[in-house]
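Structure below is coords_34.cif: mmCIF, N, CA and C atoms.
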```cif
data_query
loop_
_atom_site.label_atom_id
_atom_site.label_comp_id
_atom_site.auth_asym_id
_atom_site.auth_seq_id
_atom_site.Cartn_x
_atom_site.Cartn_y
_atom_site.Cartn_z
N MET A 1 54.54 139.47 124.76
CA MET A 1 53.63 138.44 124.32
C MET A 1 53.85 138.19 122.83
N GLY A 2 54.00 136.95 122.43
CA GLY A 2 54.20 136.61 121.03
C GLY A 2 52.90 136.63 120.24
N ILE A 3 53.03 136.59 118.92
CA ILE A 3 51.86 136.68 118.05
C ILE A 3 50.87 135.53 118.29
N GLN A 4 51.39 134.35 118.61
CA GLN A 4 50.47 133.23 118.87
C GLN A 4 49.63 133.48 120.12
N ASP A 5 50.27 134.03 121.16
CA ASP A 5 49.54 134.34 122.39
C ASP A 5 48.51 135.44 122.14
N VAL A 6 48.91 136.46 121.40
CA VAL A 6 47.99 137.55 121.07
C VAL A 6 46.80 136.99 120.29
N TYR A 7 47.09 136.18 119.28
CA TYR A 7 46.04 135.61 118.46
C TYR A 7 45.05 134.82 119.32
N GLN A 8 45.57 133.94 120.18
CA GLN A 8 44.71 133.11 121.01
C GLN A 8 43.85 133.95 121.96
N LYS A 9 44.43 134.95 122.56
CA LYS A 9 43.68 135.82 123.48
C LYS A 9 42.54 136.52 122.74
N VAL A 10 42.84 137.08 121.59
CA VAL A 10 41.85 137.88 120.87
C VAL A 10 40.80 137.00 120.20
N ILE A 11 41.18 135.87 119.60
CA ILE A 11 40.18 135.02 118.94
C ILE A 11 39.21 134.46 119.96
N ARG A 12 39.68 134.10 121.13
CA ARG A 12 38.77 133.61 122.17
C ARG A 12 37.76 134.68 122.57
N TYR A 13 38.25 135.88 122.75
CA TYR A 13 37.38 137.00 123.13
C TYR A 13 36.35 137.26 122.04
N ALA A 14 36.81 137.42 120.81
CA ALA A 14 35.91 137.73 119.69
C ALA A 14 34.91 136.59 119.46
N ALA A 15 35.38 135.36 119.50
CA ALA A 15 34.50 134.22 119.28
C ALA A 15 33.40 134.17 120.34
N GLN A 16 33.76 134.43 121.59
CA GLN A 16 32.77 134.42 122.65
C GLN A 16 31.72 135.50 122.43
N LYS A 17 32.16 136.70 122.08
CA LYS A 17 31.23 137.81 121.90
C LYS A 17 30.29 137.58 120.72
N HIS A 18 30.80 137.03 119.63
CA HIS A 18 29.94 136.75 118.48
C HIS A 18 29.02 135.56 118.77
N ALA A 19 29.51 134.58 119.53
CA ALA A 19 28.69 133.42 119.88
C ALA A 19 27.53 133.81 120.80
N GLU A 20 27.74 134.81 121.63
CA GLU A 20 26.66 135.29 122.51
C GLU A 20 25.46 135.76 121.70
N ARG A 21 25.71 136.19 120.49
CA ARG A 21 24.64 136.63 119.59
C ARG A 21 24.25 135.50 118.61
N HIS A 22 24.80 134.31 118.84
CA HIS A 22 24.53 133.14 117.99
C HIS A 22 24.83 133.45 116.52
N GLN A 23 25.89 134.22 116.31
CA GLN A 23 26.23 134.65 114.96
C GLN A 23 26.97 133.54 114.22
N THR A 24 26.53 133.27 113.01
CA THR A 24 27.18 132.30 112.13
C THR A 24 27.45 132.95 110.79
N LEU A 25 28.21 132.26 109.96
CA LEU A 25 28.38 132.75 108.59
C LEU A 25 27.01 132.72 107.92
N PRO A 26 26.65 133.75 107.16
CA PRO A 26 25.32 133.82 106.57
C PRO A 26 24.93 132.55 105.81
N GLY A 27 23.77 132.03 106.12
CA GLY A 27 23.24 130.87 105.43
C GLY A 27 23.86 129.55 105.83
N THR A 28 24.64 129.54 106.93
CA THR A 28 25.32 128.31 107.36
C THR A 28 25.19 128.14 108.87
N ILE A 29 25.70 127.02 109.36
CA ILE A 29 25.80 126.81 110.80
C ILE A 29 27.24 127.01 111.28
N ILE A 30 28.09 127.50 110.39
CA ILE A 30 29.51 127.70 110.71
C ILE A 30 29.66 128.92 111.61
N PRO A 31 30.35 128.77 112.75
CA PRO A 31 30.53 129.91 113.67
C PRO A 31 31.21 131.09 112.97
N TYR A 32 30.81 132.28 113.34
CA TYR A 32 31.31 133.50 112.71
C TYR A 32 32.81 133.67 112.88
N ASP A 33 33.37 133.09 113.93
CA ASP A 33 34.80 133.27 114.15
C ASP A 33 35.65 132.64 113.04
N VAL A 34 35.07 131.80 112.20
CA VAL A 34 35.81 131.30 111.03
C VAL A 34 36.12 132.47 110.10
N HIS A 35 35.16 133.36 109.90
CA HIS A 35 35.40 134.55 109.07
C HIS A 35 36.51 135.41 109.70
N LEU A 36 36.42 135.65 110.99
CA LEU A 36 37.42 136.47 111.68
C LEU A 36 38.81 135.85 111.53
N SER A 37 38.88 134.56 111.69
CA SER A 37 40.15 133.85 111.56
C SER A 37 40.70 133.95 110.14
N ASN A 38 39.83 133.88 109.14
CA ASN A 38 40.27 134.02 107.75
C ASN A 38 40.85 135.40 107.48
N VAL A 39 40.22 136.43 108.04
CA VAL A 39 40.73 137.79 107.86
C VAL A 39 42.09 137.92 108.53
N ALA A 40 42.22 137.37 109.73
CA ALA A 40 43.50 137.42 110.45
C ALA A 40 44.59 136.64 109.70
N MET A 41 44.21 135.52 109.09
CA MET A 41 45.17 134.74 108.32
C MET A 41 45.72 135.57 107.16
N GLU A 42 44.86 136.34 106.52
CA GLU A 42 45.33 137.21 105.44
C GLU A 42 46.37 138.20 105.97
N MET A 43 46.17 138.68 107.19
CA MET A 43 47.14 139.61 107.78
C MET A 43 48.48 138.94 108.02
N LEU A 44 48.47 137.68 108.40
CA LEU A 44 49.72 136.95 108.61
C LEU A 44 50.47 136.78 107.28
N VAL A 45 49.73 136.56 106.21
CA VAL A 45 50.35 136.45 104.89
C VAL A 45 50.92 137.79 104.46
N VAL A 46 50.16 138.87 104.66
CA VAL A 46 50.65 140.20 104.31
C VAL A 46 51.94 140.50 105.08
N ALA A 47 51.96 140.15 106.35
CA ALA A 47 53.13 140.43 107.19
C ALA A 47 54.39 139.75 106.67
N MET A 48 54.22 138.56 106.10
CA MET A 48 55.39 137.83 105.57
C MET A 48 55.99 138.54 104.36
N HIS A 49 55.21 139.37 103.69
CA HIS A 49 55.65 140.02 102.46
C HIS A 49 55.80 141.53 102.60
N SER A 50 55.78 142.02 103.83
CA SER A 50 55.83 143.46 104.05
C SER A 50 56.90 143.83 105.06
N GLN A 51 57.49 144.98 104.84
CA GLN A 51 58.42 145.53 105.82
C GLN A 51 57.66 146.52 106.69
N ASP A 52 58.09 146.63 107.92
CA ASP A 52 57.50 147.61 108.84
C ASP A 52 55.99 147.45 108.98
N PHE A 53 55.52 146.23 108.99
CA PHE A 53 54.10 145.94 109.15
C PHE A 53 53.87 145.50 110.58
N ASP A 54 52.96 146.15 111.28
CA ASP A 54 52.66 145.83 112.68
C ASP A 54 51.70 144.64 112.71
N THR A 55 52.26 143.45 112.70
CA THR A 55 51.46 142.23 112.63
C THR A 55 50.53 142.09 113.83
N GLU A 56 51.02 142.41 115.00
CA GLU A 56 50.20 142.28 116.20
C GLU A 56 48.97 143.18 116.12
N LEU A 57 49.15 144.42 115.70
CA LEU A 57 48.02 145.33 115.55
C LEU A 57 47.06 144.80 114.48
N ALA A 58 47.59 144.41 113.34
CA ALA A 58 46.75 143.94 112.23
C ALA A 58 45.92 142.72 112.61
N VAL A 59 46.54 141.78 113.30
CA VAL A 59 45.82 140.56 113.70
C VAL A 59 44.73 140.90 114.71
N GLN A 60 45.02 141.76 115.66
CA GLN A 60 44.01 142.13 116.65
C GLN A 60 42.82 142.84 115.98
N VAL A 61 43.11 143.79 115.11
CA VAL A 61 42.04 144.51 114.43
C VAL A 61 41.25 143.55 113.54
N ALA A 62 41.94 142.63 112.88
CA ALA A 62 41.26 141.65 112.02
C ALA A 62 40.29 140.80 112.82
N LEU A 63 40.73 140.31 113.95
CA LEU A 63 39.88 139.43 114.76
C LEU A 63 38.73 140.18 115.43
N LEU A 64 38.90 141.47 115.61
CA LEU A 64 37.88 142.26 116.30
C LEU A 64 37.09 143.18 115.37
N HIS A 65 37.34 143.11 114.06
CA HIS A 65 36.82 144.13 113.15
C HIS A 65 35.30 144.27 113.14
N ASP A 66 34.55 143.26 113.52
CA ASP A 66 33.09 143.34 113.53
C ASP A 66 32.49 143.40 114.92
N VAL A 67 33.31 143.41 115.95
CA VAL A 67 32.79 143.27 117.31
C VAL A 67 31.95 144.47 117.76
N LEU A 68 32.28 145.67 117.32
CA LEU A 68 31.47 146.83 117.70
C LEU A 68 30.15 146.86 116.94
N GLU A 69 30.19 146.40 115.71
CA GLU A 69 29.01 146.43 114.85
C GLU A 69 28.02 145.31 115.18
N ASP A 70 28.54 144.16 115.60
CA ASP A 70 27.70 142.96 115.71
C ASP A 70 27.45 142.46 117.13
N THR A 71 28.07 143.06 118.13
CA THR A 71 27.91 142.58 119.50
C THR A 71 27.57 143.74 120.42
N ALA A 72 27.42 143.45 121.69
CA ALA A 72 27.09 144.48 122.68
C ALA A 72 28.31 145.18 123.24
N ILE A 73 29.49 144.86 122.75
CA ILE A 73 30.72 145.46 123.25
C ILE A 73 30.77 146.94 122.89
N THR A 74 31.26 147.75 123.82
CA THR A 74 31.42 149.18 123.58
C THR A 74 32.87 149.49 123.24
N ALA A 75 33.08 150.65 122.68
CA ALA A 75 34.44 151.10 122.37
C ALA A 75 35.27 151.21 123.65
N GLU A 76 34.65 151.61 124.74
CA GLU A 76 35.37 151.73 126.01
C GLU A 76 35.86 150.36 126.49
N GLU A 77 35.00 149.35 126.38
CA GLU A 77 35.41 148.00 126.77
C GLU A 77 36.55 147.50 125.88
N LEU A 78 36.45 147.80 124.61
CA LEU A 78 37.48 147.39 123.66
C LEU A 78 38.81 148.05 124.00
N THR A 79 38.77 149.33 124.33
CA THR A 79 39.99 150.06 124.71
C THR A 79 40.59 149.48 125.98
N THR A 80 39.77 149.17 126.96
CA THR A 80 40.26 148.58 128.20
C THR A 80 40.95 147.25 127.94
N GLY A 81 40.37 146.45 127.07
CA GLY A 81 40.93 145.12 126.81
C GLY A 81 42.08 145.08 125.83
N PHE A 82 42.09 146.01 124.86
CA PHE A 82 43.05 145.89 123.77
C PHE A 82 43.79 147.17 123.41
N GLY A 83 43.44 148.26 124.03
CA GLY A 83 44.17 149.51 123.82
C GLY A 83 43.54 150.42 122.80
N PRO A 84 43.96 151.70 122.84
CA PRO A 84 43.35 152.71 121.96
C PRO A 84 43.65 152.52 120.48
N GLN A 85 44.83 152.01 120.14
CA GLN A 85 45.16 151.86 118.72
C GLN A 85 44.28 150.79 118.06
N VAL A 86 44.06 149.69 118.77
CA VAL A 86 43.17 148.65 118.24
C VAL A 86 41.75 149.20 118.11
N THR A 87 41.31 149.92 119.14
CA THR A 87 39.96 150.48 119.12
C THR A 87 39.78 151.46 117.96
N THR A 88 40.77 152.29 117.73
CA THR A 88 40.69 153.24 116.61
C THR A 88 40.50 152.49 115.29
N GLY A 89 41.26 151.43 115.10
CA GLY A 89 41.14 150.63 113.88
C GLY A 89 39.78 149.97 113.75
N VAL A 90 39.30 149.38 114.83
CA VAL A 90 37.99 148.71 114.79
C VAL A 90 36.88 149.73 114.56
N LYS A 91 36.97 150.89 115.21
CA LYS A 91 35.95 151.93 115.02
C LYS A 91 35.92 152.41 113.56
N ALA A 92 37.09 152.52 112.94
CA ALA A 92 37.14 152.95 111.54
C ALA A 92 36.45 151.93 110.63
N LEU A 93 36.54 150.67 110.99
CA LEU A 93 35.95 149.60 110.19
C LEU A 93 34.47 149.37 110.50
N THR A 94 33.94 150.11 111.46
CA THR A 94 32.56 149.95 111.90
C THR A 94 31.68 151.02 111.28
N LYS A 95 30.61 150.58 110.64
CA LYS A 95 29.68 151.55 110.03
C LYS A 95 28.96 152.34 111.12
N ASN A 96 28.79 153.62 110.86
CA ASN A 96 28.06 154.51 111.76
C ASN A 96 26.57 154.38 111.44
N LYS A 97 25.84 153.67 112.27
CA LYS A 97 24.42 153.40 112.04
C LYS A 97 23.55 154.65 112.22
N ASN A 98 24.14 155.73 112.73
CA ASN A 98 23.39 156.98 112.87
C ASN A 98 23.29 157.74 111.56
N LEU A 99 24.09 157.35 110.58
CA LEU A 99 24.05 157.98 109.26
C LEU A 99 23.06 157.23 108.37
N PRO A 100 22.54 157.90 107.34
CA PRO A 100 21.71 157.18 106.36
C PRO A 100 22.54 156.04 105.74
N LYS A 101 21.89 154.93 105.44
CA LYS A 101 22.59 153.75 104.92
C LYS A 101 23.48 154.08 103.72
N CYS A 102 23.01 154.97 102.85
CA CYS A 102 23.77 155.30 101.64
C CYS A 102 25.06 156.06 101.96
N GLU A 103 25.21 156.61 103.16
CA GLU A 103 26.41 157.36 103.54
C GLU A 103 27.36 156.57 104.44
N GLN A 104 26.91 155.43 104.95
CA GLN A 104 27.69 154.69 105.94
C GLN A 104 29.03 154.20 105.39
N MET A 105 29.04 153.62 104.21
CA MET A 105 30.29 153.09 103.66
C MET A 105 31.27 154.21 103.34
N LYS A 106 30.79 155.27 102.75
CA LYS A 106 31.67 156.40 102.43
C LYS A 106 32.32 156.95 103.70
N ASP A 107 31.53 157.10 104.75
CA ASP A 107 32.04 157.58 106.03
C ASP A 107 33.11 156.63 106.58
N SER A 108 32.82 155.34 106.55
CA SER A 108 33.78 154.35 107.05
C SER A 108 35.08 154.39 106.24
N LEU A 109 34.96 154.47 104.94
CA LEU A 109 36.16 154.51 104.09
C LEU A 109 37.00 155.76 104.36
N GLN A 110 36.36 156.88 104.63
CA GLN A 110 37.11 158.09 104.99
C GLN A 110 37.89 157.88 106.29
N ARG A 111 37.26 157.24 107.26
CA ARG A 111 37.94 156.98 108.53
C ARG A 111 39.07 155.98 108.35
N ILE A 112 38.85 154.97 107.52
CA ILE A 112 39.88 153.96 107.25
C ILE A 112 41.10 154.60 106.61
N LYS A 113 40.88 155.51 105.67
CA LYS A 113 41.98 156.19 104.98
C LYS A 113 42.87 156.98 105.94
N SER A 114 42.30 157.44 107.04
CA SER A 114 43.09 158.21 107.99
C SER A 114 43.86 157.33 108.97
N CYS A 115 43.68 156.03 108.86
CA CYS A 115 44.34 155.09 109.78
C CYS A 115 45.66 154.56 109.20
N VAL A 116 46.35 153.83 110.02
CA VAL A 116 47.61 153.20 109.62
C VAL A 116 47.34 152.14 108.54
N PRO A 117 48.36 151.80 107.75
CA PRO A 117 48.18 150.82 106.67
C PRO A 117 47.61 149.47 107.13
N GLU A 118 47.90 149.07 108.35
CA GLU A 118 47.41 147.79 108.84
C GLU A 118 45.88 147.75 108.87
N VAL A 119 45.24 148.86 109.20
CA VAL A 119 43.77 148.92 109.22
C VAL A 119 43.23 148.84 107.81
N ARG A 120 43.88 149.53 106.89
CA ARG A 120 43.45 149.46 105.48
C ARG A 120 43.60 148.04 104.96
N ALA A 121 44.65 147.36 105.38
CA ALA A 121 44.86 145.97 104.95
C ALA A 121 43.76 145.06 105.49
N VAL A 122 43.31 145.31 106.71
CA VAL A 122 42.22 144.52 107.28
C VAL A 122 40.95 144.69 106.44
N LYS A 123 40.66 145.92 106.03
CA LYS A 123 39.47 146.15 105.21
C LYS A 123 39.55 145.36 103.91
N LEU A 124 40.70 145.38 103.28
CA LEU A 124 40.88 144.62 102.03
C LEU A 124 40.75 143.12 102.29
N ALA A 125 41.33 142.64 103.38
CA ALA A 125 41.25 141.22 103.71
C ALA A 125 39.81 140.81 104.00
N ASP A 126 39.06 141.69 104.66
CA ASP A 126 37.65 141.41 104.94
C ASP A 126 36.89 141.25 103.62
N ARG A 127 37.15 142.14 102.68
CA ARG A 127 36.50 142.05 101.37
C ARG A 127 36.89 140.77 100.64
N ILE A 128 38.17 140.43 100.70
CA ILE A 128 38.64 139.20 100.05
C ILE A 128 37.92 137.98 100.61
N THR A 129 37.84 137.89 101.93
CA THR A 129 37.21 136.72 102.53
C THR A 129 35.70 136.72 102.29
N ASN A 130 35.11 137.88 102.11
CA ASN A 130 33.68 137.94 101.80
C ASN A 130 33.38 137.48 100.38
N LEU A 131 34.39 137.32 99.56
CA LEU A 131 34.20 136.86 98.18
C LEU A 131 34.09 135.34 98.08
N GLN A 132 34.05 134.67 99.22
CA GLN A 132 33.89 133.22 99.20
C GLN A 132 32.52 132.88 98.61
N GLU A 133 32.30 131.62 98.38
CA GLU A 133 31.04 131.17 97.78
C GLU A 133 29.86 131.70 98.58
N PRO A 134 28.84 132.22 97.89
CA PRO A 134 27.67 132.78 98.61
C PRO A 134 26.90 131.70 99.35
N PRO A 135 26.10 132.10 100.33
CA PRO A 135 25.29 131.13 101.07
C PRO A 135 24.36 130.36 100.13
N THR A 136 24.10 129.12 100.47
CA THR A 136 23.25 128.27 99.62
C THR A 136 21.82 128.78 99.57
N SER A 137 21.43 129.62 100.52
CA SER A 137 20.06 130.14 100.52
C SER A 137 19.84 131.23 99.47
N TRP A 138 20.93 131.77 98.91
CA TRP A 138 20.79 132.82 97.89
C TRP A 138 20.36 132.20 96.56
N THR A 139 19.52 132.91 95.84
CA THR A 139 19.16 132.48 94.50
C THR A 139 20.07 133.18 93.50
N LYS A 140 20.08 132.69 92.28
CA LYS A 140 20.91 133.32 91.26
C LYS A 140 20.44 134.72 91.00
#
```
Kindly transcribe the structure held in the file into structure tokens.
Amino acid sequence: MGIQDVYQKVIRYAAQKHAERHQTLPGTIIPYDVHLSNVAMEMLVVAMHSQDFDTELAVQVALLHDVLEDTAITAEELTTGFGPQVTTGVKALTKNKNLPKCEQMKDSLQRIKSCVPEVRAVKLADRITNLQEPPTSWTK
């Protein structure tokens, strides 16, 4: 399966799951899958400038990076649909809500560090895309 086919399969799945929760970009009516697509686009750019970069893995993890945190999908369902390597990456990017809020990011970053470079790149791309203009509902 080529990268375009992989992208289409995964974006449709992720978009459907986020839409079931009526998730949009904060403060907008823009569907959440725009954010997912932006993160995946960053992975395609990274792949053009990197050797030995698993583009297929990176794109899948990018498109699914919030699905465990924001939808009803389980890790088992994710593994069935996309395999253990994708699930490992998505789980690393998912905050453990059983921990105190102040420990969640540190825990996630430790798990991300133990993953392949593609997962670390997704985390950076997620941060980059989150630096877009804040929602209009925010005050200065």
* Around (29.4, 158.4, 112.4) in the file's own coordinates, what residues are found within 12 Å if you use only C-alpha atoms, given back as a PyMOL selection string? -> chain A and resi 91-101+103-111
* the PyMOL selection byres ((chain A and resi 57-66) around 6.5) resolved against shown file, as an MDAnalysis selection string -> chainID A and resid 10:11 14 36:37 39:40 43 54:56 67:71 86 89:90 93:94 118:119 122
* **helix (DSSP H, G or I) call set, DSSP backbone run, chain A, as a PyMOL selection string** => chain A and resi 3-20+33-48+55-64+67-70+75-82+84-92+101-113+117-130
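Using all atoms listed in the file for every distance, the candidate list A:Val6, A:His18, A:Met41, A:Tyr32 yields A:Met41 as the residue closest to Ala125 (chain A).
Under the PyMOL selection byres (((chain A and resi 127-130 and name CA) around 8) and name CA), the matching residues in the shown file are A:His35, A:Asn38, A:Val39, A:Lys123, A:Leu124, A:Ala125, A:Asp126, A:Leu131, A:Gln132.
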* **Nearest-residue call for Ile73 (chain A), choices A:Lys17, A:Ile112, A:Thr136, A:Pro26, using only N, CA and C atoms** => A:Lys17
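Coordinates place CA of Cys115 (chain A) at a distance of 24.0 Å from CA of Met1 (chain A).
CA of Gln16 (chain A) is found 14.1 Å from CA of Gly81 (chain A).
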